[in-house]
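K.L.:
I have a structure here, written as structure tokens, and I will follow up with some questions on it.
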Amino acid sequence: MRKFTLLAGLTAALVSFPAFAQDASNDTALEGDYLTVGVGAVYTPSYWGSDDQVVTAFPAVQGSFKGIGINPRLNGAALDFIPEAKDAKIGFSLGPVAGYTGNRHRQIKDSVVKRTGKLDDAIELGVSAGVSGYRLLNDYDQLTLSADVRWDVAGAYKGMVWQPSVTYVTPLSKGSFVTLNATAHHGDGKFNRYYYSVTARQSLDSGGVLPVYGAKKGWDSFNVGLLGAYDLDGNLLNGGLAIFAVGSYGKMLNDGKDTPFTRIRGDADQWTGGLGIGYTF
């Protein structure tokens, strides 16, 4: 899929990175093979449902190589194996996706939650698919509907999640653009029990502060985010350095909200903000 982008949009747990269509009449750094790498820092809840904030860094990579798109995810990436015509009004994406989840593994500030023990890191592999419409309100905007389905292959929660999202991206000038994103997160029974249940042992370790709780499958959160980016030389088309700022609001739902980790020790309202920099080769 052809791309005109640096870094755009935080999704699911924080971030998703869409792109807007490029001007085919210009010779740009983003024609053919290219690579954008970036790094950012966000001020975010210390675990899903926490009311304590921590600063954490995240990397991102996006690009195209031999017609295969590389699209960033939070702590991961997705590949797109479906090429499209330069002047297409509609495009499709399909390919593998990989990610990492480290919820309640580090940076736990709440002493009660910390006593219940660290959770294992999860490595997720799956499939990503989407459809995009180009040039909807202007010559360069893009609307994308997509979904990721991922399975834990590292033996942490040993289950499956799926994450639908809708993203709109549009330029404000030759050197800047904004992205709006909304996403939801659904966990199967294994996922939700691992992250939201409180076992008898965990309840005991918490000193009885957290009651025993059993979680079931279902939607556990949704998130809306806004990203703004600016190329430092005022031209997104020629690559180089760009800076971006992000902000998002999330809401824990169902067992994500009702678990004692959120209801007693945290907050269902989740706020995140961050800054970063990217470079396009």
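Following the order of the structure tokens, first chain is A, next is B, and so on, with residues numbered from 1 inside each chain and ligands from 1 in the order they appear.
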Would you list the contacts of region 98-114 of chain A as a ChimeraX atom specification, taking every protein, DNA or RNA residue within 8 Å and counting only C-alpha atoms, but skipping same-chain residues closer than 6 positions in sequence?

P.N.:
/A:46-48,52,54,73-78,120-126,150,195,206-207,209,261,265

K.L.:
Please report, as a ChimeraX atom specification, each residue of region 89-214 of chain A to which DSSP assigns alpha helix (DSSP H) when run on this structure's backbone.

P.N.:
/A:111-115,189-196,200-205

K.L.:
Let me see the file: selected residues, N, CA and C atoms, as a short mmCIF file (atom, residue, chain, number, x, y, z; two decimals), in the first residue's frame.

P.N.:
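result-v9.cif, written as the output of this step:
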data_model
loop_
_atom_site.label_atom_id
_atom_site.label_comp_id
_atom_site.auth_asym_id
_atom_site.auth_seq_id
_atom_site.Cartn_x
_atom_site.Cartn_y
_atom_site.Cartn_z
N SER A 111 1.50 -0.15 45.75
CA SER A 111 2.13 -1.17 46.60
C SER A 111 1.23 -2.39 46.79
N VAL A 112 -0.09 -2.19 46.82
CA VAL A 112 -1.01 -3.32 46.98
C VAL A 112 -1.00 -4.19 45.72
N VAL A 113 -1.08 -3.57 44.55
CA VAL A 113 -1.05 -4.31 43.30
C VAL A 113 0.29 -5.01 43.13
N LYS A 114 1.35 -4.35 43.55
CA LYS A 114 2.69 -4.94 43.41
C LYS A 114 2.80 -6.23 44.22
N ARG A 115 2.14 -6.30 45.36
CA ARG A 115 2.22 -7.50 46.19
C ARG A 115 1.53 -8.71 45.56
N GLY A 189 -11.70 -15.39 27.08
CA GLY A 189 -11.73 -15.73 28.51
C GLY A 189 -10.36 -15.85 29.12
N LYS A 190 -9.40 -16.44 28.40
CA LYS A 190 -8.05 -16.62 28.93
C LYS A 190 -7.36 -15.28 29.15
N PHE A 191 -7.52 -14.36 28.18
CA PHE A 191 -6.91 -13.04 28.31
C PHE A 191 -7.49 -12.29 29.51
N ASN A 192 -8.81 -12.20 29.58
CA ASN A 192 -9.42 -11.42 30.66
C ASN A 192 -9.20 -12.04 32.03
N ARG A 193 -9.20 -13.36 32.12
CA ARG A 193 -8.92 -13.98 33.42
C ARG A 193 -7.50 -13.68 33.87
N TYR A 194 -6.55 -13.69 32.94
CA TYR A 194 -5.14 -13.48 33.29
C TYR A 194 -4.91 -12.06 33.81
N TYR A 195 -5.53 -11.07 33.15
CA TYR A 195 -5.23 -9.68 33.49
C TYR A 195 -6.21 -9.07 34.49
N TYR A 196 -7.43 -9.59 34.60
CA TYR A 196 -8.44 -8.92 35.42
C TYR A 196 -8.96 -9.74 36.59
N ALA A 200 -7.43 -16.37 44.76
CA ALA A 200 -7.42 -16.41 46.22
C ALA A 200 -6.03 -16.07 46.75
N ARG A 201 -4.98 -16.54 46.07
CA ARG A 201 -3.62 -16.24 46.50
C ARG A 201 -3.31 -14.75 46.35
N GLN A 202 -3.73 -14.15 45.25
CA GLN A 202 -3.50 -12.73 45.06
C GLN A 202 -4.27 -11.90 46.09
N SER A 203 -5.48 -12.33 46.41
CA SER A 203 -6.26 -11.62 47.43
C SER A 203 -5.55 -11.68 48.78
N LEU A 204 -5.02 -12.85 49.11
CA LEU A 204 -4.29 -13.01 50.36
C LEU A 204 -3.02 -12.15 50.37
N ASP A 205 -2.30 -12.16 49.25
CA ASP A 205 -1.06 -11.38 49.16
C ASP A 205 -1.31 -9.88 49.24
#

K.L.:
Between CA of Gly63 (chain A) and CA of Asp33 (chain A), what distance in Å does the model show, to one decimal?

P.N.:
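Between these atoms lies a distance of 7.2 Å.
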
K.L.:
Between A:Leu119, A:Val169, A:Phe244, A:Gly155, which residue has the minimum interatomic distance to Leu136 (chain A), considering only C-alpha atoms?

P.N.:
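Looking at the shortest contact to Leu136 (chain A), the residue is A:Val169.
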
K.L.:
Between A:Tyr168, A:Trp151, A:Trp219, A:Phe92, single out the one closest to Gly69 (chain A), counting only C-alpha atoms.

P.N.:
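Closest to Gly69 (chain A) of all the choices is A:Phe92.
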
K.L.:
Between A:Pro164, A:Gly40, A:Pro171, A:Pro45, which residue has the minimum interatomic distance to Ala229 (chain A), considering only C-alpha atoms?

P.N.:
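Comparing A:Pro164, A:Gly40, A:Pro171, A:Pro45 against Ala229 (chain A), the winner is A:Pro171.
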
K.L.:
Just how far from CA of Ala242 (chain A) is CA of Ala57 (chain A), in Å to one decimal?

P.N.:
17.2 Å

K.L.:
DSSP on the backbone: which residues in region 61-224 of chain A end up as strand (DSSP E or B)? Give the answer as a ChimeraX atom specification.

P.N.:
/A:61-65,68-73,76-80,90-101,122-134,142-152,160-173,176-187,198,213,218-224

K.L.:
Of the residues A:Leu180, A:Val97, A:Ile264, A:Leu275, which is the one nearest to Ala245 (chain A), using only C-alpha atoms?

P.N.:
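The shortest atom-to-atom distance to Ala245 (chain A) comes from A:Leu275.
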